[in-house]
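A.B. asks: Input structure: structure_4.cif, which contains mmCIF, C-alpha atoms.
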data_data
loop_
_atom_site.label_atom_id
_atom_site.label_comp_id
_atom_site.auth_asym_id
_atom_site.auth_seq_id
_atom_site.Cartn_x
_atom_site.Cartn_y
_atom_site.Cartn_z
CA MET A 300 2.18 105.52 84.03
CA CYS A 301 0.36 106.13 80.78
CA ASP A 302 -2.66 108.42 80.77
CA LYS A 303 -5.20 105.75 79.89
CA HIS A 304 -4.46 103.95 83.21
CA ARG A 305 -4.39 106.97 85.53
CA SER A 306 -8.15 106.76 86.54
CA LEU A 307 -8.90 104.21 89.22
CA ASP A 308 -12.59 103.23 89.42
CA PRO A 309 -13.30 100.97 92.47
CA ALA A 310 -16.47 99.71 90.80
CA ASN A 311 -14.46 98.32 87.91
CA VAL A 312 -11.66 96.81 90.06
CA GLN A 313 -12.14 93.36 91.50
CA PHE A 314 -9.68 92.11 94.11
CA GLN A 315 -9.22 88.50 94.79
CA THR A 316 -10.14 87.72 98.40
CA GLN A 317 -9.25 84.11 98.56
CA GLN A 318 -7.51 83.16 101.79
CA SER A 319 -4.96 80.72 100.27
CA SER A 320 -1.15 80.58 100.15
CA ARG A 321 -0.94 80.65 96.38
CA ARG A 322 0.76 83.69 94.91
CA ARG A 323 -1.18 85.74 92.42
CA ARG A 324 -0.36 85.75 88.71
CA ILE A 325 0.14 88.89 86.70
CA TRP A 326 -3.23 88.60 84.95
CA GLU A 327 -4.89 88.30 88.37
CA LEU A 328 -3.69 91.76 89.43
CA SER A 329 -5.80 94.89 89.09
CA ARG A 330 -5.43 97.00 85.96
CA ASN A 331 -3.74 99.94 87.67
CA CYS A 332 -0.83 97.65 88.65
CA HIS A 333 0.17 96.41 85.17
CA CYS A 334 1.54 99.70 83.84
CA PRO A 335 3.95 100.50 86.73
CA LEU A 336 4.89 96.83 87.15
CA ILE A 337 5.90 96.29 83.50
CA GLY A 338 7.53 99.74 83.28
CA VAL A 339 9.65 99.27 86.43
CA ALA A 340 10.25 95.52 86.65
CA LEU A 341 11.09 94.79 82.97
CA PRO A 342 13.66 96.74 80.93
CA LEU A 343 12.51 97.85 77.49
CA GLY A 344 15.02 95.61 75.73
CA THR A 345 13.88 92.55 77.61
CA LEU A 346 10.21 93.39 77.02
CA ARG A 347 10.82 93.85 73.28
CA LYS A 348 12.54 90.44 73.05
CA LEU A 349 9.63 88.76 74.87
CA VAL A 350 7.07 90.33 72.53
CA GLU A 351 9.11 89.39 69.43
CA LYS A 352 9.47 85.84 70.72
CA VAL A 353 5.71 85.51 71.26
CA THR A 354 4.71 87.17 67.99
CA GLY A 355 7.42 85.41 66.00
CA GLY A 356 8.64 88.48 64.13
CA GLU A 357 10.57 91.70 64.45
CA LEU A 358 8.61 94.61 65.89
CA LEU A 359 8.64 97.93 64.09
CA HIS A 360 6.83 99.81 66.86
CA ASP A 361 8.47 102.23 69.23
CA ASP A 362 9.05 101.59 72.92
CA TYR A 363 5.83 103.32 74.04
CA GLU A 364 3.67 101.23 71.74
CA VAL A 365 5.37 98.02 72.87
CA HIS A 366 4.79 99.02 76.52
CA VAL A 367 1.08 99.83 75.99
CA GLY A 368 0.49 96.61 74.08
CA ALA A 369 2.14 94.52 76.81
CA VAL A 370 0.06 96.24 79.52
CA ASN A 371 -3.17 95.49 77.66
CA ASP A 372 -2.20 91.84 77.03
CA CYS A 373 -1.31 91.18 80.68
CA THR A 374 -4.86 91.89 81.84
CA ALA A 375 -5.84 88.36 80.74
CA ARG A 376 -4.05 85.06 80.56
CA ASN A 377 -2.34 84.54 77.22
CA ARG A 378 1.06 83.63 75.77
CA LEU A 379 2.56 87.07 76.37
CA ALA A 380 1.18 87.24 79.94
CA GLU A 381 2.63 83.81 80.69
CA ALA A 382 6.01 84.81 79.19
CA VAL A 383 6.05 87.99 81.31
CA GLN A 384 5.05 85.94 84.38
CA LYS A 385 7.89 83.48 83.79
CA GLU A 386 10.47 86.24 83.22
CA LEU A 387 9.44 88.07 86.42
CA GLU A 388 9.64 84.85 88.44
CA ARG A 389 13.12 84.09 87.07
CA ARG A 390 14.52 87.61 87.38
CA TYR A 391 13.32 88.26 90.96
CA ALA A 392 13.52 84.78 92.48
CA GLN A 393 15.70 85.88 95.44
CA VAL A 394 13.40 88.78 96.37
CA ILE A 395 10.37 86.50 96.11
CA PHE A 396 12.11 84.03 98.44
CA ARG A 397 12.74 86.82 100.96
CA PHE A 398 9.06 87.95 100.86
CA ARG A 399 7.88 84.34 101.36
CA ASN A 400 8.68 84.58 105.09
CA ALA A 401 6.08 87.35 105.50
CA LYS A 402 2.76 85.96 106.75
CA THR A 403 0.68 89.13 107.13
CA ALA A 404 0.07 92.31 105.19
CA ALA A 405 1.95 94.30 107.85
CA GLN A 406 5.07 92.19 107.35
CA VAL A 407 4.79 92.62 103.57
CA ALA A 408 4.44 96.38 104.09
CA GLU A 409 7.62 96.46 106.23
CA LEU A 410 9.60 94.62 103.57
CA TRP A 411 8.29 97.03 100.93
CA GLU A 412 9.23 100.14 102.93
CA ALA A 413 12.71 98.73 103.50
CA ALA A 414 13.09 98.16 99.74
CA VAL A 415 11.92 101.74 99.01
CA ASP A 416 14.43 103.14 101.50
CA ALA A 417 17.19 101.03 99.94
CA GLY A 418 16.20 102.16 96.41
CA ASP A 419 15.68 98.59 95.12
CA VAL A 420 11.96 98.65 94.30
CA ALA A 421 11.63 96.62 91.08
CA GLY A 422 11.82 93.12 92.61
CA ALA A 423 10.05 94.16 95.82
CA PHE A 424 7.16 95.67 93.83
CA TRP A 425 6.51 92.39 92.01
CA ALA A 426 7.04 90.23 95.12
CA GLY A 427 4.67 92.42 97.19
CA LEU A 428 1.88 92.61 94.57
CA SER A 429 1.95 88.86 93.94
CA HIS A 430 2.13 87.94 97.67
CA PRO A 431 -0.97 86.10 99.04
CA ALA A 432 -1.20 88.49 102.01
CA CYS A 433 -1.31 91.63 99.84
CA ILE A 434 -4.62 93.46 100.47
CA PRO A 435 -6.15 96.24 98.30
CA ALA A 436 -5.00 98.98 100.68
CA LEU A 437 -1.43 97.76 100.57
CA GLU A 438 -1.66 97.38 96.80
CA GLU A 439 -2.84 101.00 96.45
CA LYS A 440 -0.08 102.21 98.80
CA MET A 441 2.56 100.37 96.79
CA CYS A 442 1.25 101.89 93.55
CA ARG A 443 1.41 105.37 95.07
CA ASP A 444 4.93 104.81 96.34
CA ILE A 445 6.14 103.51 92.99
CA HIS A 446 4.50 106.50 91.29
CA MET A 447 6.46 108.92 93.48
CA VAL A 448 9.63 106.87 93.06
CA GLN A 449 9.24 107.22 89.31
CA HIS A 450 8.87 111.01 89.68
CA GLN A 451 11.99 111.17 91.85
CA ALA A 452 13.81 108.93 89.42
CA GLY A 453 12.86 111.31 86.60
CA ALA A 454 14.12 114.31 88.58
CA CYS A 455 17.32 112.47 89.43
CA ALA A 456 17.68 111.48 85.82
CA ARG A 457 17.38 115.09 84.74
CA ALA A 458 19.92 116.14 87.36
CA ASP A 459 22.17 113.30 86.33
CA MET A 460 21.77 114.35 82.72
CA GLY A 461 23.01 117.87 83.58
CA LYS A 462 25.91 116.40 85.47
CA TYR A 463 26.50 114.04 82.60
CA ASN A 464 26.62 116.91 80.11
CA ALA A 465 29.01 118.82 82.40
CA LEU A 466 31.13 115.73 82.66
CA LEU A 467 31.11 115.38 78.90
CA ALA A 468 32.34 118.98 78.58
CA ASP A 469 35.05 118.35 81.17
CA LYS A 470 35.95 115.16 79.40
CA ALA A 471 36.31 116.98 76.08
CA ARG A 472 38.49 119.63 77.73
CA LEU A 473 40.59 117.01 79.48
CA ASP A 474 40.87 115.05 76.25
CA GLY A 475 42.30 118.17 74.56
CA GLU A 476 44.75 118.74 77.39
CA LEU A 477 45.65 115.05 77.34
CA ALA A 478 46.30 115.21 73.62
CA ARG A 479 48.56 118.25 74.09
CA LEU A 480 50.38 116.59 76.96
CA GLN A 481 50.78 113.41 74.96
CA ALA A 482 52.22 115.38 72.05
CA ARG A 483 54.60 117.15 74.41
CA CYS A 484 55.56 113.86 76.04
CA ASN A 485 56.17 112.31 72.65
CA ALA A 486 58.39 115.24 71.68
CA LEU A 487 60.30 114.98 74.96
CA LEU A 488 60.63 111.24 74.53
CA GLN A 489 62.01 111.76 71.05
CA GLU A 490 64.52 114.30 72.36
CA LYS A 491 65.52 112.02 75.21
CA LYS A 492 65.88 109.15 72.79
CA VAL A 493 68.21 111.22 70.62
CA ASP A 494 70.20 112.24 73.72
CA ALA A 495 70.29 108.64 74.92
CA ASP A 496 71.56 107.46 71.53
CA ARG A 497 74.23 110.17 71.57
CA PHE A 498 75.25 109.32 75.13
CA GLU A 499 75.35 105.65 74.21
CA GLN A 500 77.69 106.40 71.33
CA GLN A 501 79.89 108.53 73.59
CA LEU A 502 79.90 105.77 76.19
CA MET A 503 80.93 103.21 73.59
CA ALA A 504 83.67 105.53 72.34
CA SER A 505 84.88 106.09 75.91
CA ARG A 506 84.88 102.37 76.57
CA ALA A 507 86.85 101.77 73.38
CA THR A 508 89.35 104.48 74.38
CA THR A 509 89.64 103.01 77.86
CA ILE A 510 90.19 99.52 76.49
CA ALA A 511 92.83 100.85 74.10
CA ARG A 512 94.60 102.67 76.93
CA GLU A 513 94.45 99.62 79.16
CA THR A 514 95.87 97.55 76.32
CA ASP A 515 98.68 100.07 75.84
CA VAL A 516 99.38 100.10 79.57
CA HIS A 517 99.46 96.30 79.60
CA ASN A 518 101.82 96.21 76.62
CA LEU A 519 104.07 98.85 78.17
CA ARG A 520 104.15 96.92 81.42
CA ASN A 521 105.13 93.80 79.53
CA GLU A 522 107.85 95.71 77.70
CA LEU A 523 109.06 97.17 80.98
CA ALA A 524 109.18 93.70 82.51
CA GLN A 525 111.13 92.44 79.51
CA LEU A 526 113.55 95.37 79.73
CA ARG A 527 114.03 94.76 83.42
CA ALA A 528 114.68 91.10 82.68
CA THR A 529 117.22 91.94 79.97
CA ILE A 530 118.99 94.65 82.02
CA PRO A 531 120.29 93.16 85.28
CA GLU A 532 120.80 95.33 88.31
CA LEU A 533 118.53 98.05 86.87
CA GLU A 534 117.49 99.29 90.28
CA THR A 535 121.09 99.36 91.41
CA ARG A 536 122.06 101.37 88.37
CA LYS A 537 119.24 103.81 88.98
CA ARG A 538 120.39 104.26 92.54
CA LEU A 539 123.98 104.71 91.38
CA ALA A 540 122.87 107.22 88.75
CA ASN A 541 121.13 109.26 91.42
CA GLN A 542 124.18 109.02 93.61
CA LEU A 543 126.34 110.03 90.65
CA ALA A 544 124.17 113.09 90.06
CA ARG A 545 124.57 114.10 93.69
CA MET A 546 128.34 113.56 93.52
CA GLU A 547 128.54 115.59 90.33
CA MET A 548 126.83 118.44 92.10
CA ARG A 549 129.29 118.03 94.96
CA GLU A 550 132.15 117.93 92.47
CA ALA A 551 130.95 121.16 90.84
CA THR A 552 130.92 122.80 94.27
CA LEU A 553 134.40 121.53 95.07
CA ARG A 554 135.71 122.62 91.69
CA GLY A 555 134.42 126.10 92.42
CA GLN A 556 136.26 126.08 95.71
CA ILE A 557 139.40 124.77 93.96
CA ALA A 558 139.15 127.57 91.40
CA GLU A 559 138.99 130.09 94.22
CA LEU A 560 142.02 128.47 95.88
CA LYS A 561 143.89 128.46 92.57
CA ALA A 562 143.22 132.16 92.16
CA GLY A 563 144.56 132.79 95.66
CA ARG A 564 147.54 130.62 94.95
CA ALA A 565 148.31 132.47 91.69
CA GLU A 566 148.27 135.75 93.53
CA ALA A 567 150.63 134.31 96.15
CA VAL A 568 152.94 132.96 93.41
CA ALA A 569 152.97 136.36 91.72
CA ARG A 570 153.89 138.04 94.97
CA ALA A 571 156.59 135.42 95.62
CA SER A 572 157.98 135.88 92.07
CA ALA A 573 158.17 139.61 92.56
CA ALA A 574 159.93 139.10 95.86
CA ALA A 575 162.36 136.59 94.29
CA THR A 576 163.15 138.99 91.43
CA SER A 577 163.91 141.75 93.88
CA VAL A 578 166.11 139.42 95.93
CA GLY A 579 167.89 138.23 92.77
CA ALA A 580 168.63 141.80 91.68
CA ARG A 581 170.05 142.64 95.06
CA ALA A 582 172.09 139.41 95.01
CA ALA A 583 173.43 140.20 91.53
CA THR A 584 174.44 143.67 92.66
CA HIS A 585 176.09 142.19 95.71
CA THR A 586 177.81 139.54 93.53
CA GLY A 587 179.18 142.17 91.15
CA THR A 588 180.54 144.20 94.02
CA ALA A 589 182.11 141.09 95.55
CA ALA A 590 183.64 140.08 92.21
CA HIS A 591 185.10 143.53 91.71
CA ALA A 592 186.61 143.43 95.15
CA SER A 593 187.97 139.94 94.56
CA ALA A 594 189.44 140.96 91.22
CA HIS A 595 191.01 143.94 92.81
CA ALA A 596 192.40 141.68 95.48
CA THR A 597 193.62 138.96 93.13
CA GLY A 598 194.52 141.17 90.28
CA GLN A 599 191.95 139.52 87.84
CA PRO A 600 189.74 141.53 85.60
CA ALA A 601 186.20 142.17 86.76
CA GLY A 602 184.65 140.77 83.56
CA HIS A 603 186.29 137.45 84.08
CA ALA A 604 184.81 137.21 87.56
CA GLY A 605 181.34 138.12 86.22
CA ALA A 606 181.56 135.44 83.60
CA HIS A 607 182.47 132.94 86.20
CA ALA A 608 179.47 133.92 88.24
CA ALA A 609 177.22 133.66 85.20
CA ASN A 610 178.50 130.18 84.44
CA ALA A 611 177.71 129.14 87.99
CA VAL A 612 173.91 129.64 87.61
CA PRO A 613 173.16 126.97 84.92
CA ALA A 614 174.95 124.43 86.96
CA THR A 615 172.02 124.35 89.40
CA ALA A 616 169.27 124.39 86.72
CA GLN A 617 168.69 120.68 86.09
CA ALA A 618 165.50 119.46 84.33
CA VAL A 619 163.08 117.40 86.42
CA THR A 620 160.14 115.52 84.74
CA ILE A 621 156.77 116.27 86.42
CA PRO A 622 153.36 115.48 84.81
CA ILE A 623 152.01 119.04 84.74
CA GLN A 624 148.71 117.71 83.23
CA LEU A 625 147.79 116.11 86.57
CA VAL A 626 148.14 119.24 88.68
CA ASN A 627 144.84 119.90 90.48
CA GLN A 628 143.34 116.80 88.82
CA SER A 629 141.64 113.83 90.50
CA VAL A 630 143.48 110.50 90.08
CA LEU A 631 141.64 107.27 90.96
CA CYS A 632 143.68 104.14 91.67
CA VAL A 633 141.63 100.95 91.42
CA GLY A 634 143.17 97.85 93.02
CA GLY A 635 146.75 97.45 94.24
CA ARG A 636 148.22 96.31 97.50
CA SER A 637 146.70 97.80 100.62
CA GLY A 638 150.17 98.34 102.13
CA ASN A 639 151.24 100.54 99.17
CA VAL A 640 148.22 102.85 99.23
CA SER A 641 150.00 105.41 101.40
CA PHE A 642 152.95 105.47 98.98
CA TYR A 643 150.54 105.83 96.04
CA ARG A 644 148.91 108.79 97.78
CA GLN A 645 152.28 110.50 98.49
CA MET A 646 153.43 110.06 94.88
CA VAL A 647 150.20 111.44 93.38
CA GLU A 648 149.82 114.31 95.81
CA LYS A 649 153.53 115.18 95.34
CA ILE A 650 152.83 116.12 91.72
CA GLY A 651 149.89 118.34 92.76
CA ALA A 652 146.99 115.92 92.02
CA GLN A 653 144.17 114.65 94.25
CA PHE A 654 144.34 110.96 95.11
CA ALA A 655 141.39 108.56 95.48
CA HIS A 656 141.53 104.80 95.95
CA HIS A 657 139.11 101.88 95.49
CA ASP A 658 140.18 98.32 96.25
CA GLY A 659 137.99 96.83 93.45
CA GLY A 660 135.30 95.40 95.72
CA LEU A 661 137.36 93.58 98.35
CA GLU A 662 136.44 95.83 101.25
CA ASP A 663 134.92 98.85 99.52
CA SER A 664 131.40 98.49 98.09
CA SER A 665 131.36 97.69 94.39
CA ASN A 666 128.34 99.95 93.99
CA GLN A 667 130.53 102.99 94.75
CA LEU A 668 132.92 102.21 91.90
CA ASP A 669 130.83 103.96 89.22
CA ALA A 670 130.57 107.10 91.35
CA SER A 671 134.35 107.09 91.96
CA LEU A 672 135.00 106.59 88.24
CA ALA A 673 132.72 109.50 87.37
CA ALA A 674 134.50 111.84 89.82
CA ALA A 675 138.02 110.99 88.59
CA ASP A 676 139.96 112.76 85.81
CA LEU A 677 142.46 109.90 85.40
CA VAL A 678 142.03 106.22 86.24
CA ILE A 679 144.93 103.91 87.15
CA CYS A 680 143.94 100.26 87.09
CA GLN A 681 146.22 97.85 89.00
CA THR A 682 145.55 94.78 86.86
CA GLY A 683 147.77 92.56 89.03
CA CYS A 684 145.70 93.06 92.19
CA ILE A 685 142.03 93.47 91.13
CA SER A 686 139.05 91.19 90.56
CA HIS A 687 137.92 90.29 87.05
CA GLY A 688 134.55 92.00 87.59
CA ALA A 689 136.12 95.28 88.68
CA TYR A 690 138.64 95.10 85.81
CA TRP A 691 135.97 94.72 83.14
CA ARG A 692 133.82 97.29 84.83
CA VAL A 693 136.60 99.89 84.77
CA LYS A 694 137.52 99.06 81.20
CA GLU A 695 133.93 99.24 79.96
CA TYR A 696 133.27 102.54 81.76
CA CYS A 697 136.42 104.24 80.46
CA LYS A 698 135.74 102.98 76.94
CA ARG A 699 132.15 104.23 77.03
CA THR A 700 132.91 107.66 78.49
CA GLY A 701 136.29 108.23 76.79
CA LYS A 702 138.01 108.78 80.12
CA ARG A 703 141.79 108.22 80.14
CA CYS A 704 142.89 105.02 81.87
CA VAL A 705 146.38 103.61 82.57
CA PHE A 706 146.72 99.88 83.18
CA VAL A 707 149.63 98.89 85.49
CA ASP A 708 150.58 95.20 85.65
CA ASN A 709 152.82 95.30 88.72
CA PRO A 710 151.34 96.77 91.92
CA SER A 711 154.72 98.21 93.02
CA VAL A 712 155.37 101.88 93.61
CA SER A 713 157.96 102.05 90.82
CA SER A 714 155.46 100.65 88.29
CA LEU A 715 153.02 103.36 89.31
CA ALA A 716 155.74 105.97 88.84
CA ARG A 717 156.48 104.67 85.33
CA GLY A 718 152.80 104.77 84.56
CA LEU A 719 152.58 108.38 85.57
CA GLN A 720 155.65 109.21 83.46
CA GLU A 721 154.03 107.58 80.42
CA ILE A 722 151.07 109.96 80.64
CA GLY A 723 153.20 112.72 79.15
CA ALA A 724 155.06 115.17 81.33
CA GLU A 725 156.49 118.62 80.65
CA PRO A 726 160.05 119.55 81.87
CA VAL A 727 160.14 122.21 84.58
CA SER A 728 163.32 123.89 85.79
CA ALA A 729 164.49 123.47 89.33
CA GLY A 730 164.12 127.18 89.84
CA GLN A 731 160.47 126.97 88.92
CA GLU A 732 160.08 123.93 91.15
CA GLU A 733 161.77 125.81 93.94
CA MET A 734 159.49 128.79 93.22
CA ALA A 735 156.43 126.58 93.39
CA THR A 736 157.70 125.04 96.58
CA SER A 737 158.43 128.42 98.07
CA SER A 738 155.02 129.61 96.95
CA GLY A 739 153.45 126.67 98.68
CA ASP A 740 155.46 127.42 101.77
CA ALA A 741 154.40 131.02 101.53
CA CYS A 742 150.78 129.90 101.29
CA LYS A 743 151.24 127.65 104.29
CA ALA A 744 152.83 130.57 106.14
#
As a first step, turn the structure in this file into structure tokens.
C.D. replies:
Amino acid sequence: MCDKHRSLDPANVQFQTQQSSRRRRIWELSRNCHCPLIGVALPLGTLRKLVEKVTGGELLHDDYEVHVGAVNDCTARNRLAEAVQKELERRYAQVIFRFRNAKTAAQVAELWEAAVDAGDVAGAFWAGLSHPACIPALEEKMCRDIHMVQHQAGACARADMGKYNALLADKARLDGELARLQARCNALLQEKKVDADRFEQQLMASRATTIARETDVHNLRNELAQLRATIPELETRKRLANQLARMEMREATLRGQIAELKAGRAEAVARASAAATSVGARAATHTGTAAHASAHATGQPAGHAGAHAANAVPATAQAVTIPIQLVNQSVLCVGGRSGNVSFYRQMVEKIGAQFAHHDGGLEDSSNQLDASLAAADLVICQTGCISHGAYWRVKEYCKRTGKRCVFVDNPSVSSLARGLQEIGAEPVSAGQEEMATSSGDACKA
């Protein structure tokens, strides 16, 4: 309250003692009630607007002067007092309705104490002072309570101001930290954006590479399908090629064994030749002695008998044609009559070659023909007894690989013999043949 309204003189205060239900107006209240009522119940902004509306102009006074002027004007009925009365009735209509149920001063006092405890004293202060049951004692008590509430409000305001200043300092500190964190976050976001752009470019490049590879794979698969379509029996040829590789390895092993056997046979032949030379020398010595004895007995010269013996040796040396090129070679006969196969084998093996036979697909598998052709050194094709497919297969293979092939029209044994003679044989003396035979017998022994 202002200082000019602090003194309360009971001689100068007149209370209305009418026993009616009409609520009192603001100008009917005692003077010591106007200052706390206007200060607590009406905000300064609202009070200034009311005064400007009544006076019809803008006020240049400060808040204290506006408050003091309103307190003085509300002591009597006038335009400002009526405007304040109307504003209080409008603003605190609900509280006034709640206080209307009170019939006695005690009930009004209870409602006032409840409002003080709740901290909502502005509306209750106006409703209690203007209530018909409000007596001077209750009015004085309410003024005292509102006076202490104002003191407590001031203390709380000062405490709140300290807290407010502390909060402002914390807010400034937090604003600085927030600014630093925002700057750091912006820098990190920029870095992440750069990384994301780089990763996006790498992802696009990887996708392009993957698409290109998938396209290449698709094209290669199409080309492979086309090649498989253009090359019949590709899987069969692959299988035959693998089988051929295995047979070539087997052939290399067998050839090594054959080379070892040939070396053993050469040693045996050398030993047999040495033995034959020794026997021949002894026979010649024995022949000379016999010729000398015969000449002595018959009276012929010894030289004539020796010449006769010398002329007897060439009589047994007759040339026999044997294809030396086929010795220890593999000869494949494709086709022919099944009844002549044993004779074919005897004829080929008689000249020292290895015999193999394929019927051209009649009973033997046609898939084995390529492997048999690869293992052979010479191919004999019996064109009179062979299928067209096997014939062209043999011809194409021999032409492609350059392997020697002899075509025999007649499937007889004599035609095969002529075919072997056409290969190109070297003459070998009967003595050599006999030596080879004896060497073979020696090996068998």
A.B. asks: Determine the nearest neighbour of Leu560 of chain A from the options A:Asn541, A:Ser505, A:Gln525, A:Asn627, counting only C-alpha atoms.
C.D. replies: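 The closest residue to Leu560 of chain A is A:Asn627.
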A.B. asks: Hey, which of A:Ala573, A:Val678, A:Ala652, A:Leu661 ends up closest to Cys632 of chain A? Count all atoms listed in the file.
C.D. replies: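 Smallest distance to Cys632 of chain A is found for A:Val678.
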A.B. asks: Expand the PyMOL selection byres ((chain A and resi 339-347) around 8) into the explicit residue set it covers here, and present it as a list of chain:residue names.
C.D. replies: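 Applying the expression gives A:Pro335, A:Leu336, A:Ile337, A:Gly338, A:Lys348, A:Leu349, A:Val350, A:Glu351, A:Leu358, A:Asp362, A:Val365, A:His366, A:Leu387, A:Ala421, A:Gly422, A:Phe424, A:Trp425.
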A.B. asks: Please save C-alpha atoms of the selected residues as a PDB file, in the frame of the given file.
C.D. replies:
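As written to disk, again-v4.pdb reads:
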ATOM      1  CA  PRO A 335       3.950 100.500  86.730  1.00  0.00           C
ATOM      2  CA  LEU A 336       4.890  96.830  87.150  1.00  0.00           C
ATOM      3  CA  ILE A 337       5.900  96.290  83.500  1.00  0.00           C
ATOM      4  CA  GLY A 338       7.530  99.740  83.280  1.00  0.00           C
ATOM      5  CA  LYS A 348      12.540  90.440  73.050  1.00  0.00           C
ATOM      6  CA  LEU A 349       9.630  88.760  74.870  1.00  0.00           C
ATOM      7  CA  VAL A 350       7.070  90.330  72.530  1.00  0.00           C
ATOM      8  CA  GLU A 351       9.110  89.390  69.430  1.00  0.00           C
ATOM      9  CA  LEU A 358       8.610  94.610  65.890  1.00  0.00           C
ATOM     10  CA  ASP A 362       9.050 101.590  72.920  1.00  0.00           C
ATOM     11  CA  VAL A 365       5.370  98.020  72.870  1.00  0.00           C
ATOM     12  CA  HIS A 366       4.790  99.020  76.520  1.00  0.00           C
ATOM     13  CA  LEU A 387       9.440  88.070  86.420  1.00  0.00           C
ATOM     14  CA  ALA A 421      11.630  96.620  91.080  1.00  0.00           C
ATOM     15  CA  GLY A 422      11.820  93.120  92.610  1.00  0.00           C
ATOM     16  CA  PHE A 424       7.160  95.670  93.830  1.00  0.00           C
ATOM     17  CA  TRP A 425       6.510  92.390  92.010  1.00  0.00           C
TER      18      TRP A 425
END
A.B. asks: Once the PyMOL selection byres ((chain A and resi 637-639) around 12) has been evaluated on this model, what residues remain selected, and can you format them as a list of chain:residue names?
C.D. replies: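 When the PyMOL selection byres ((chain A and resi 637-639) around 12) is applied to the shown file, the picked residues are A:Cys632, A:Val633, A:Gly634, A:Gly635, A:Arg636, A:Val640, A:Ser641, A:Phe642, A:Tyr643, A:Arg644, A:Gln645, A:Met646, A:His656, A:His657, A:Asp658, A:Gly659, A:Leu661, A:Glu662, A:Asp663, A:Gln681, A:Cys684, A:Ile685, A:Asn709, A:Pro710, A:Ser711, A:Val712, A:Ser713, A:Ser714, A:Leu715.
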A.B. asks: Would you output that residue set with C-alpha atoms, as a PDB file, keeping the file's coordinate frame?
C.D. replies:
ATOM      1  CA  CYS A 632     143.680 104.140  91.670  1.00  0.00           C
ATOM      2  CA  VAL A 633     141.630 100.950  91.420  1.00  0.00           C
ATOM      3  CA  GLY A 634     143.170  97.850  93.020  1.00  0.00           C
ATOM      4  CA  GLY A 635     146.750  97.450  94.240  1.00  0.00           C
ATOM      5  CA  ARG A 636     148.220  96.310  97.500  1.00  0.00           C
ATOM      6  CA  VAL A 640     148.220 102.850  99.230  1.00  0.00           C
ATOM      7  CA  SER A 641     150.000 105.410 101.400  1.00  0.00           C
ATOM      8  CA  PHE A 642     152.950 105.470  98.980  1.00  0.00           C
ATOM      9  CA  TYR A 643     150.540 105.830  96.040  1.00  0.00           C
ATOM     10  CA  ARG A 644     148.910 108.790  97.780  1.00  0.00           C
ATOM     11  CA  GLN A 645     152.280 110.500  98.490  1.00  0.00           C
ATOM     12  CA  MET A 646     153.430 110.060  94.880  1.00  0.00           C
ATOM     13  CA  HIS A 656     141.530 104.800  95.950  1.00  0.00           C
ATOM     14  CA  HIS A 657     139.110 101.880  95.490  1.00  0.00           C
ATOM     15  CA  ASP A 658     140.180  98.320  96.250  1.00  0.00           C
ATOM     16  CA  GLY A 659     137.990  96.830  93.450  1.00  0.00           C
ATOM     17  CA  LEU A 661     137.360  93.580  98.350  1.00  0.00           C
ATOM     18  CA  GLU A 662     136.440  95.830 101.250  1.00  0.00           C
ATOM     19  CA  ASP A 663     134.920  98.850  99.520  1.00  0.00           C
ATOM     20  CA  GLN A 681     146.220  97.850  89.000  1.00  0.00           C
ATOM     21  CA  CYS A 684     145.700  93.060  92.190  1.00  0.00           C
ATOM     22  CA  ILE A 685     142.030  93.470  91.130  1.00  0.00           C
ATOM     23  CA  ASN A 709     152.820  95.300  88.720  1.00  0.00           C
ATOM     24  CA  PRO A 710     151.340  96.770  91.920  1.00  0.00           C
ATOM     25  CA  SER A 711     154.720  98.210  93.020  1.00  0.00           C
ATOM     26  CA  VAL A 712     155.370 101.880  93.610  1.00  0.00           C
ATOM     27  CA  SER A 713     157.960 102.050  90.820  1.00  0.00           C
ATOM     28  CA  SER A 714     155.460 100.650  88.290  1.00  0.00           C
ATOM     29  CA  LEU A 715     153.020 103.360  89.310  1.00  0.00           C
TER      30      LEU A 715
END
A.B. asks: Spell out the residues picked by the PyMOL selection byres ((chain A and resi 396) around 12) here, as an MDAnalysis selection string.
C.D. replies: chainID A and resid 322 388:395 397:401 422:423 425:427 430
A.B. asks: Could you check how far atom CA of Asp474 of chain A sits from atom CA of Val493 of chain A, in Å to one decimal?
C.D. replies: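 That distance, rounded to one decimal, is 28.2 Å.
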A.B. asks: If I take atom CA of Asp416 of chain A and atom CA of Pro431 of chain A, how far is one from the other in Å, to one decimal?
C.D. replies: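 Atom-to-atom, atom CA of Asp416 of chain A and atom CA of Pro431 of chain A are spaced 23.1 Å apart.
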A.B. asks: If you measure from atom CA of Ala414 of chain A to atom CA of Arg321 of chain A, what distance in Å do you get, rounded to one decimal?
C.D. replies: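 Computing it gives 22.7 Å between the two atoms.
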A.B. asks: Report, as lines of an AutoDock Vina configuration file, the axis-aligned box around all atoms of segment 362-376 of chain A present in the file, extended by 3 Å on each side; give centre and edge lengths in Å to one decimal place.
C.D. replies:
center_x = 1.6
center_y = 94.2
center_z = 76.8
size_x = 20.9
size_y = 24.3
size_z = 16.1
A.B. asks: For each of A:Leu328, A:Leu625, A:Leu668, A:Ala478, take the minimum atom-to-atom distance to Leu428 of chain A, counting all atoms listed in the file, then give the residue where this is smallest.
C.D. replies: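 Answer, going by the shortest atom-to-atom distance: A:Leu328.
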A.B. asks: When you count only C-alpha atoms, which of these residues is closest to Ser686 of chain A: A:Gly355, A:Gly418, A:Gly555, A:Gly660?
C.D. replies: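 The answer is A:Gly660, which sits nearest to Ser686 of chain A.
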